[in-house]
Amino acid sequence: MPELAGNPSAQPPVSQISWRRRFTDHFMTGVAVLTVVLVLAPLVAIFGYLVYRGLGSINWAFLTQTPKPVGEPGGGMANAIAGSVLILGIASLIGVPFGVGAGIYLAEFGRNRFGSAVRFTADVLNGVPSIVIGIVAWAILVRGRGFSALAGGVALAIMMVPTICRTTEEMLLLVPRALREAAYGLGVPRWRTTLSVTLRTATSGVITGVMLAFARVAGETAPLLFTALGNTFWNLRYDQPTAALPLQIYVYANSPYDDWHRQAWAGSFVLILLIVSSVAAVRYAVRRGTFGTA
């Protein structure tokens with residue numbers, strides 16, 4: 001343009017943005033915000049109502065005592081809290097190594113027919129109803145042997161494996177190929193590269209997948225009905241029927257007693273609090289670098 005030739009600092013005129021484009025931009029931004037609100041609203045409503053109904057029923061007796069006999073007020077869910085910790089601990093000890101190992105195989109060595117079969121199996125298993133897994137665990141581990149915390153932990157571990165497996169695979173595939181090649185160039189064996197470079201780089205994403213699987217199974221009731229069964233007394237043995245918060249909440253919620261209904265709400269609040277605190281603690285540890293690169 002002639003007027004710009006003698007004045008290098010001059011800028012070409014900026015055309016006005018049409019009202020239609022401005023309206024479309026604001027409209028789509030509003031739609032995006034609305035969808036976020038619609039997604040968060042049920043979660044906030046559920047959590048708020050849970051706090052409203054459950055927080056007032058929590059006291060020292062609820063956290064330290066076992067359930068009282070039918071019709072007698074008071075008591076608590078201390079044995080169920082301890083039982084949930086035991087069962088979830090067993091599930092994590094079994095499910096996390098298997099899930100992470102399967103994910104490592106699929107990401108690093110699974111570009112073949114067997115790997116495709118494993119992926120398909122994991123995707124199918126991820127959609128199997130939990131009650132079906134409970135029935136299978138009952139047929140394999142309970143029938144002829146008896147209900148136990150171990151059987152409940154195995155059932156929950158089966159549910160954890162596919163989620164951890166697929167999440168681990170996706171996180172490892174996001175690691176740049178250049179990191180692997182750099183380690184190979186230094187003479188590092190492939191197995192050591194996978195564990196010390198690839199997996200360490202993807203630690204944050206892998207642990208996120210583990211916590212998603214943990215949060216999913218922590219509130220499951222159906223598999224525990226067929227495996228752990230429940231118990232009104234203290235039990236920390238892995239080979240005996242064991243109480244768990246989801247089981248105790250299920251029993252109390254279906255009872256005709258108002259006091260048990262209040263304790264069911266309190267147990268639900270404690271269960272959510274345990275899940276949220278566990279996930280938050282692990283995320284904080286990952287961010288601080290305790291488990292590897294964040």
# chains A, B, ... in the order shown; residues from 1 in each chain; ligands from 1
call {"tool": "closest_atom_pairs", "arguments": {"of": "range 209-270 of chain A", "to": "range 135-155 of chain A", "cutoff": "8 Å", "atoms": "only C-alpha atoms", "output": "tab-separated table"}}
result
residue	atom	partner	partner_atom	distance
A:Pro223	CA	A:Ala155	CA	6.3
A:Leu224	CA	A:Gly152	CA	5.4
A:Phe226	CA	A:Trp138	CA	5.6
A:Thr227	CA	A:Gly152	CA	4.9
A:Ala228	CA	A:Ser148	CA	4.8
A:Leu229	CA	A:Phe147	CA	6.2
A:Arg237	CA	A:Ala149	CA	7.4
A:Tyr238	CA	A:Ala149	CA	4.8
A:Asp239	CA	A:Ser148	CA	4.7
A:Gln240	CA	A:Ser148	CA	4.3
A:Pro241	CA	A:Ser148	CA	4.4
A:Thr242	CA	A:Ala149	CA	5.6
call {"tool": "write_last_selection", "arguments": {"atoms": "N, CA and C atoms", "output": "compact mmCIF listing (two decimals), in the first residue's frame"}}
result
# COMPACT_ATOMS: atom_id res chain seq x y z
N PRO A 223 -20.38 -56.85 44.69
CA PRO A 223 -19.36 -57.92 44.80
C PRO A 223 -19.12 -58.36 46.24
N LEU A 224 -19.23 -57.42 47.19
CA LEU A 224 -18.97 -57.77 48.60
C LEU A 224 -20.11 -58.59 49.20
N PHE A 226 -21.48 -61.05 47.80
CA PHE A 226 -21.21 -62.43 47.44
C PHE A 226 -19.88 -62.94 47.97
N THR A 227 -19.06 -62.07 48.52
CA THR A 227 -17.70 -62.49 48.88
C THR A 227 -17.37 -62.22 50.35
N ALA A 228 -17.44 -60.95 50.78
CA ALA A 228 -17.09 -60.62 52.17
C ALA A 228 -18.26 -60.83 53.11
N LEU A 229 -19.48 -60.73 52.62
CA LEU A 229 -20.75 -60.99 53.32
C LEU A 229 -21.08 -59.93 54.36
N ARG A 237 -8.93 -60.52 60.13
CA ARG A 237 -8.37 -61.70 59.46
C ARG A 237 -8.87 -61.75 58.03
N TYR A 238 -7.98 -62.09 57.13
CA TYR A 238 -8.32 -62.08 55.71
C TYR A 238 -9.20 -63.26 55.31
N ASP A 239 -9.28 -64.31 56.15
CA ASP A 239 -10.00 -65.52 55.78
C ASP A 239 -11.36 -65.65 56.48
N GLN A 240 -11.89 -64.55 56.99
CA GLN A 240 -13.17 -64.56 57.70
C GLN A 240 -14.11 -63.52 57.10
N PRO A 241 -15.44 -63.71 57.27
CA PRO A 241 -16.38 -62.67 56.81
C PRO A 241 -16.05 -61.33 57.46
N THR A 242 -16.11 -60.28 56.69
CA THR A 242 -15.64 -58.97 57.15
C THR A 242 -16.65 -57.89 56.81
call {"tool": "closest_atom_pairs", "arguments": {"of": "range 71-190 of chain A", "to": "range 262-269 of chain A", "cutoff": "10 Å", "atoms": "only C-alpha atoms", "output": "Markdown table"}}
result
| residue | atom | partner | partner_atom | distance |
| --- | --- | --- | --- | --- |
| A:Gly74 | CA | A:Gln263 | CA | 9.0 |
| A:Gly75 | CA | A:Gln263 | CA | 9.0 |
| A:Gly76 | CA | A:Gln263 | CA | 7.4 |
| A:Met77 | CA | A:Gly267 | CA | 7.3 |
| A:Ala78 | CA | A:Gly267 | CA | 9.9 |
| A:Ala80 | CA | A:Gly267 | CA | 9.0 |
| A:Ile81 | CA | A:Gly267 | CA | 8.7 |
call {"tool": "write_last_selection", "arguments": {"atoms": "C-alpha atoms", "output": "short mmCIF file (atom, residue, chain, number, x, y, z; two decimals), in the first residue's frame"}}
result
data_model
loop_
_atom_site.label_atom_id
_atom_site.label_comp_id
_atom_site.auth_asym_id
_atom_site.auth_seq_id
_atom_site.Cartn_x
_atom_site.Cartn_y
_atom_site.Cartn_z
CA GLY A 74 -26.26 -45.96 69.42
CA GLY A 75 -23.28 -47.93 68.22
CA GLY A 76 -21.18 -47.18 65.22
CA MET A 77 -19.34 -48.50 62.16
CA ALA A 78 -15.77 -48.75 63.40
CA ALA A 80 -16.89 -51.52 58.88
CA ILE A 81 -14.35 -48.71 58.46
#
call {"tool": "closest_residue", "arguments": {"among": "A:Thr163, A:Asn112, A:Thr64, A:Thr35", "to": "Phe214 in chain A", "atoms": "only C-alpha atoms"}}
result
A:Thr163
call {"tool": "atom_distance", "arguments": {"atom1": "CA of Phe98 in chain A", "atom2": "CA of Val161 in chain A"}}
result
6.5 Å
call {"tool": "closest_residue", "arguments": {"among": "A:Ala182, A:Val128, A:Val217, A:Val37", "to": "Ala91 in chain A", "atoms": "only C-alpha atoms"}}
result
A:Val217
call {"tool": "atom_distance", "arguments": {"atom1": "CA of Gly230 in chain A", "atom2": "CA of Ala61 in chain A"}}
result
19.9 Å
call {"tool": "select_by_dssp", "arguments": {"residues": "range 12-188 of chain A", "states": "alpha helix (DSSP H)", "output": "ChimeraX atom specification"}}
result
/A:19-54,60-64,78-109,113-126,130-137,149-173,177-185
call {"tool": "residues_around", "arguments": {"residues": "Ile131 in chain A", "least_positions_apart": "2", "cutoff": "6 Å", "atoms": "only C-alpha atoms", "output": "PyMOL selection string"}}
result
chain A and resi 129+133-134+222-223
call {"tool": "write_last_selection", "arguments": {"atoms": "C-alpha atoms", "output": "short mmCIF file (atom, residue, chain, number, x, y, z; two decimals), in the first residue's frame"}}
result
data_model
loop_
_atom_site.label_atom_id
_atom_site.label_comp_id
_atom_site.auth_asym_id
_atom_site.auth_seq_id
_atom_site.Cartn_x
_atom_site.Cartn_y
_atom_site.Cartn_z
CA PRO A 129 -21.60 -55.34 35.82
CA ILE A 133 -17.91 -60.22 38.96
CA GLY A 134 -19.21 -60.88 42.47
CA ALA A 222 -22.72 -56.07 45.01
CA PRO A 223 -19.36 -57.92 44.80
#
call {"tool": "residues_around", "arguments": {"residues": "Glu181 in chain A", "least_positions_apart": "6", "cutoff": "10 Å", "atoms": "only C-alpha atoms", "output": "PyMOL selection string"}}
result
chain A and resi 187-188+190+193
call {"tool": "closest_atom_pairs", "arguments": {"of": "range 178-288 of chain A", "to": "range 65-73 of chain A", "cutoff": "10 Å", "atoms": "only C-alpha atoms", "output": "JSON lines"}}
result
{"residue": "A:Asn231", "atom": "CA", "partner": "A:Pro67", "partner_atom": "CA", "distance": 9.6}
{"residue": "A:Thr232", "atom": "CA", "partner": "A:Pro67", "partner_atom": "CA", "distance": 6.1}
{"residue": "A:Phe233", "atom": "CA", "partner": "A:Thr66", "partner_atom": "CA", "distance": 6.3}
{"residue": "A:Trp234", "atom": "CA", "partner": "A:Thr66", "partner_atom": "CA", "distance": 7.4}
{"residue": "A:Gln248", "atom": "CA", "partner": "A:Pro67", "partner_atom": "CA", "distance": 9.3}
{"residue": "A:Ser255", "atom": "CA", "partner": "A:Val70", "partner_atom": "CA", "distance": 9.5}
{"residue": "A:Pro256", "atom": "CA", "partner": "A:Gly71", "partner_atom": "CA", "distance": 9.5}
{"residue": "A:Tyr257", "atom": "CA", "partner": "A:Gly71", "partner_atom": "CA", "distance": 7.1}
{"residue": "A:Asp258", "atom": "CA", "partner": "A:Pro73", "partner_atom": "CA", "distance": 9.3}
{"residue": "A:Asp259", "atom": "CA", "partner": "A:Pro73", "partner_atom": "CA", "distance": 6.3}
{"residue": "A:Trp260", "atom": "CA", "partner": "A:Pro73", "partner_atom": "CA", "distance": 8.1}
{"residue": "A:Gln263", "atom": "CA", "partner": "A:Pro67", "partner_atom": "CA", "distance": 9.8}
call {"tool": "residues_around", "arguments": {"residues": "range 82-84 of chain A", "least_positions_apart": "2", "cutoff": "8 Å", "atoms": "only C-alpha atoms", "output": "list in words"}}
result
Ala78, Asn79, Ala80, Leu86, Ile87, Leu88, Ala149, Ala218, Asn235, Leu236, Thr242, Ala243, Ala244 and Leu245 of chain A
call {"tool": "closest_residue", "arguments": {"among": "A:Leu247, A:Met211, A:Ile272, A:Thr203", "to": "Arg287 in chain A", "atoms": "only C-alpha atoms"}}
result
A:Thr203
